[in-house]
Each structure stands twice: as structure tokens, then as C-alpha cells.
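Below is one structure; the comments refer to it alone.
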Amino acid sequence: MAKVYVFDHPLIQHKLTYIREKGTGTKEFRELVDEVATLMAFEITRDMPLEEIEIETPVSKMKSKVLSGKKIGVIPILRAGIGMVDGVLKLI
């Protein structure tokens with residue numbers, strides 16, 4: 001079942017203000033959308049399942065966590081969402 005996320009983080013709100021501002025140019029708009037998408041992806045992926053693996057560090061072996069499960073697909077639903085894909089992919 002789908003979840004609804006409310007993005008009320010101060011950094012997202014700050015960047016949305018500049019996205020909405022009349023005087024924001026195209027280049028700055030695209031950069032801000034990219035940044036907001038990365039911040040949104042950070043919040044959305046908070047509950048992703050992890051699995052523990054053993055790795056070797058320069059000091060010794062240790063157990064550490066990696067994402068578990070299937071591969072992730074990023075699919076924009078509307079054409080306007082295409083500008084957010086790169087911001088999400090930066091994180092994932």
C-alpha cells in the first residue's frame with residue numbers, strides 16, 4: 001500500500017520558497033529542483049531494509065550494513081518529475 005510523505009523539513013521548505021519565487025531563473029530553478037529531489041529521496045529511503053555483511057577494513061574485519069532486497073527503479077509519473085530523477089539517483 002502506498003504511503004503519503006509530508007516533507008516539512010526546513011531545508012526543503014527553504015528551497016521550495018526559491019523555486020516558487022517569480023524571479024528565479026531557469027538554471028537556478030533546475031538546480032533547486034535537483035536539490036529538493038535529493039532531500040526527498042533521503043526521507044523516502046529512511047525505512048529501506050538493510051542486511052549485514054562482513055567487510056575488511058584497513059584495520060580488521062567487521063560487520064556492516066548494506067541495502068537489501070531487489071534493485072531500485074526510479075520512474076517519474078508526470079513529465080515534470082523527470083527533472084527530479086537525477087537528484088534521486090545521486091543518493092541511490
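Each chain of the C-alpha cells is named A, B, ... in the order shown, its residues numbered from 1; ligands are numbered from 1 in display order.
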
task: Find the residues near range 69-78 of chain A: any atom within 10 Å, counting only C-alpha atoms, skip ones fewer than 4 places away on the same chain, and give them as a ChimeraX atom specification.
output: /A:48-51,82-86,88-89,92

- request: Could you give me, as a PyMOL selection string, the residues within 10 Å of Glu35 in chain A, counting only C-alpha atoms and dropping anything in the same chain fewer than 6 positions from it?
  value: chain A and resi 11-12+15+29+41+84+86-88+90

Let me see the file: selected residues, N, CA and C atoms, as an mmCIF file, in the first residue's frame.
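Writing done, so here's again27.cif:
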```cif
data_model
loop_
_atom_site.group_PDB
_atom_site.id
_atom_site.type_symbol
_atom_site.label_atom_id
_atom_site.label_comp_id
_atom_site.auth_asym_id
_atom_site.auth_seq_id
_atom_site.Cartn_x
_atom_site.Cartn_y
_atom_site.Cartn_z
ATOM 1 N N LEU A 11 15.044 22.600 5.264
ATOM 2 C CA LEU A 11 15.812 22.802 4.030
ATOM 3 C C LEU A 11 14.918 22.672 2.798
ATOM 4 N N ILE A 12 13.996 21.729 2.826
ATOM 5 C CA ILE A 12 13.074 21.561 1.700
ATOM 6 C C ILE A 12 12.166 22.781 1.594
ATOM 7 N N LYS A 15 14.106 25.748 0.114
ATOM 8 C CA LYS A 15 14.351 25.634 -1.332
ATOM 9 C C LYS A 15 13.058 25.774 -2.131
ATOM 10 N N PHE A 29 16.347 27.384 -10.952
ATOM 11 C CA PHE A 29 15.164 26.553 -10.731
ATOM 12 C C PHE A 29 15.519 25.069 -10.847
ATOM 13 N N ALA A 41 14.459 12.147 -1.473
ATOM 14 C CA ALA A 41 14.902 10.754 -1.552
ATOM 15 C C ALA A 41 15.493 10.306 -0.221
ATOM 16 N N MET A 84 13.483 15.657 -11.527
ATOM 17 C CA MET A 84 13.837 15.222 -10.176
ATOM 18 C C MET A 84 14.626 13.913 -10.168
ATOM 19 N N ASP A 86 17.503 12.878 -11.527
ATOM 20 C CA ASP A 86 18.935 12.973 -11.242
ATOM 21 C C ASP A 86 19.206 13.223 -9.763
ATOM 22 N N GLY A 87 18.378 14.038 -9.143
ATOM 23 C CA GLY A 87 18.550 14.315 -7.710
ATOM 24 C C GLY A 87 18.358 13.072 -6.866
ATOM 25 N N VAL A 88 17.415 12.226 -7.265
ATOM 26 C CA VAL A 88 17.186 10.967 -6.540
ATOM 27 C C VAL A 88 18.330 9.999 -6.813
ATOM 28 N N LYS A 90 21.405 10.576 -7.453
ATOM 29 C CA LYS A 90 22.633 10.963 -6.755
ATOM 30 C C LYS A 90 22.748 10.257 -5.417
#
```

field: DSSP helix (DSSP H, G or I) residues within chain A, listed as a PyMOL selection string
entry: chain A and resi 10-20+26-47+79-91

field: Secondary structure check, strand (DSSP E or B) residues of chain A, as a PyMOL selection string
entry: chain A and resi 50-56+61-67

Selection export as a CSV table (one decimal), in the first residue's frame, atoms kept: N, CA and C atoms:
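Printed below is out_31.csv as written:
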```csv
chain,number,residue,atom,x,y,z
A,50,LEU,N,17.8,-3.3,5.5
A,50,LEU,CA,19.3,-3.5,5.4
A,50,LEU,C,19.6,-4.9,5.8
A,51,GLU,N,20.7,-5.3,5.3
A,51,GLU,CA,21.3,-6.6,5.7
A,51,GLU,C,22.7,-6.4,6.1
A,52,GLU,N,23.2,-7.3,7.0
A,52,GLU,CA,24.5,-7.2,7.5
A,52,GLU,C,25.5,-8.0,6.7
A,53,ILE,N,26.6,-7.5,6.3
A,53,ILE,CA,27.6,-8.2,5.6
A,53,ILE,C,29.0,-8.0,6.3
A,54,GLU,N,29.9,-8.9,6.0
A,54,GLU,CA,31.2,-8.7,6.6
A,54,GLU,C,32.2,-8.1,5.5
A,55,ILE,N,32.9,-7.1,6.0
A,55,ILE,CA,33.8,-6.4,5.1
A,55,ILE,C,35.2,-6.4,5.8
A,56,GLU,N,36.2,-6.1,5.0
A,56,GLU,CA,37.6,-6.0,5.6
A,56,GLU,C,38.0,-4.5,5.5
A,61,LYS,N,38.5,-7.1,10.1
A,61,LYS,CA,37.2,-7.4,9.5
A,61,LYS,C,36.2,-6.9,10.4
A,62,MET,N,35.0,-6.5,9.9
A,62,MET,CA,33.9,-6.0,10.7
A,62,MET,C,32.6,-6.3,9.9
A,63,LYS,N,31.5,-6.3,10.7
A,63,LYS,CA,30.2,-6.4,10.1
A,63,LYS,C,29.6,-5.0,9.8
A,64,SER,N,29.0,-4.8,8.7
A,64,SER,CA,28.5,-3.5,8.3
A,64,SER,C,27.2,-3.7,7.5
A,65,LYS,N,26.4,-2.7,7.3
A,65,LYS,CA,25.1,-2.8,6.7
A,65,LYS,C,25.1,-2.3,5.3
A,66,VAL,N,24.3,-3.0,4.4
A,66,VAL,CA,24.1,-2.5,3.1
A,66,VAL,C,22.6,-2.7,2.8
A,67,LEU,N,22.1,-2.0,1.7
A,67,LEU,CA,20.7,-2.1,1.4
A,67,LEU,C,20.5,-3.6,0.9
```

- prompt: Expressed in Å to a single decimal, how great is the separation between CA of Gly81 in chain A and CA of Lys27 in chain A?
  reply: 16.4 Å

- request: May I have the residues within 10 Å of Gln13 in chain A as a ChimeraX atom specification, using only C-alpha atoms and disregarding those fewer than 6 positions away in the same chain?
  value: /A:7,19,36

Any chance you can output those residues with all heavy atoms as a short mmCIF file (atom, residue, chain, number, x, y, z; two decimals), in the first residue's frame?
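New file result27.cif:
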```
data_model
loop_
_atom_site.label_atom_id
_atom_site.label_comp_id
_atom_site.auth_asym_id
_atom_site.auth_seq_id
_atom_site.Cartn_x
_atom_site.Cartn_y
_atom_site.Cartn_z
N PHE A 7 6.73 16.49 3.45
CA PHE A 7 8.09 17.00 3.51
C PHE A 7 8.08 18.38 4.15
O PHE A 7 7.95 19.39 3.48
CB PHE A 7 8.70 17.06 2.11
CG PHE A 7 8.79 15.71 1.46
CD1 PHE A 7 7.93 15.35 0.45
CD2 PHE A 7 9.75 14.80 1.88
CE1 PHE A 7 8.02 14.11 -0.14
CE2 PHE A 7 9.84 13.56 1.31
CZ PHE A 7 8.98 13.20 0.29
N ILE A 19 12.10 28.12 -5.38
CA ILE A 19 11.53 27.53 -6.60
C ILE A 19 10.27 28.28 -7.01
O ILE A 19 10.04 28.55 -8.18
CB ILE A 19 11.21 26.03 -6.37
CG1 ILE A 19 12.50 25.22 -6.35
CG2 ILE A 19 10.27 25.49 -7.45
CD1 ILE A 19 12.31 23.77 -5.93
N VAL A 36 16.09 19.54 -4.02
CA VAL A 36 14.89 19.11 -3.30
C VAL A 36 14.65 17.62 -3.52
O VAL A 36 14.30 16.89 -2.58
CB VAL A 36 13.65 19.95 -3.72
CG1 VAL A 36 12.37 19.32 -3.22
CG2 VAL A 36 13.78 21.37 -3.19
#
```

message: So that I can check the surroundings of Tyr18 in chain A, please list as an MDAnalysis selection string every protein, DNA and RNA residue that reaches within 9 Å of it, counting only C-alpha atoms and ignoring chain neighbours fewer than 6 positions away.
response: chainID A and resid 24 28:29 32

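Comparing A:Arg20, A:Arg79, A:His14, A:Lys3 by their smallest distance to Leu39 in chain A, the closest is A:His14 (using only C-alpha atoms).
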
- prompt: Pick the closest to Glu31 in chain A from A:Leu16, A:Ala2, A:Ile44, A:Leu91: which is it, counting only C-alpha atoms?
  reply: A:Leu16
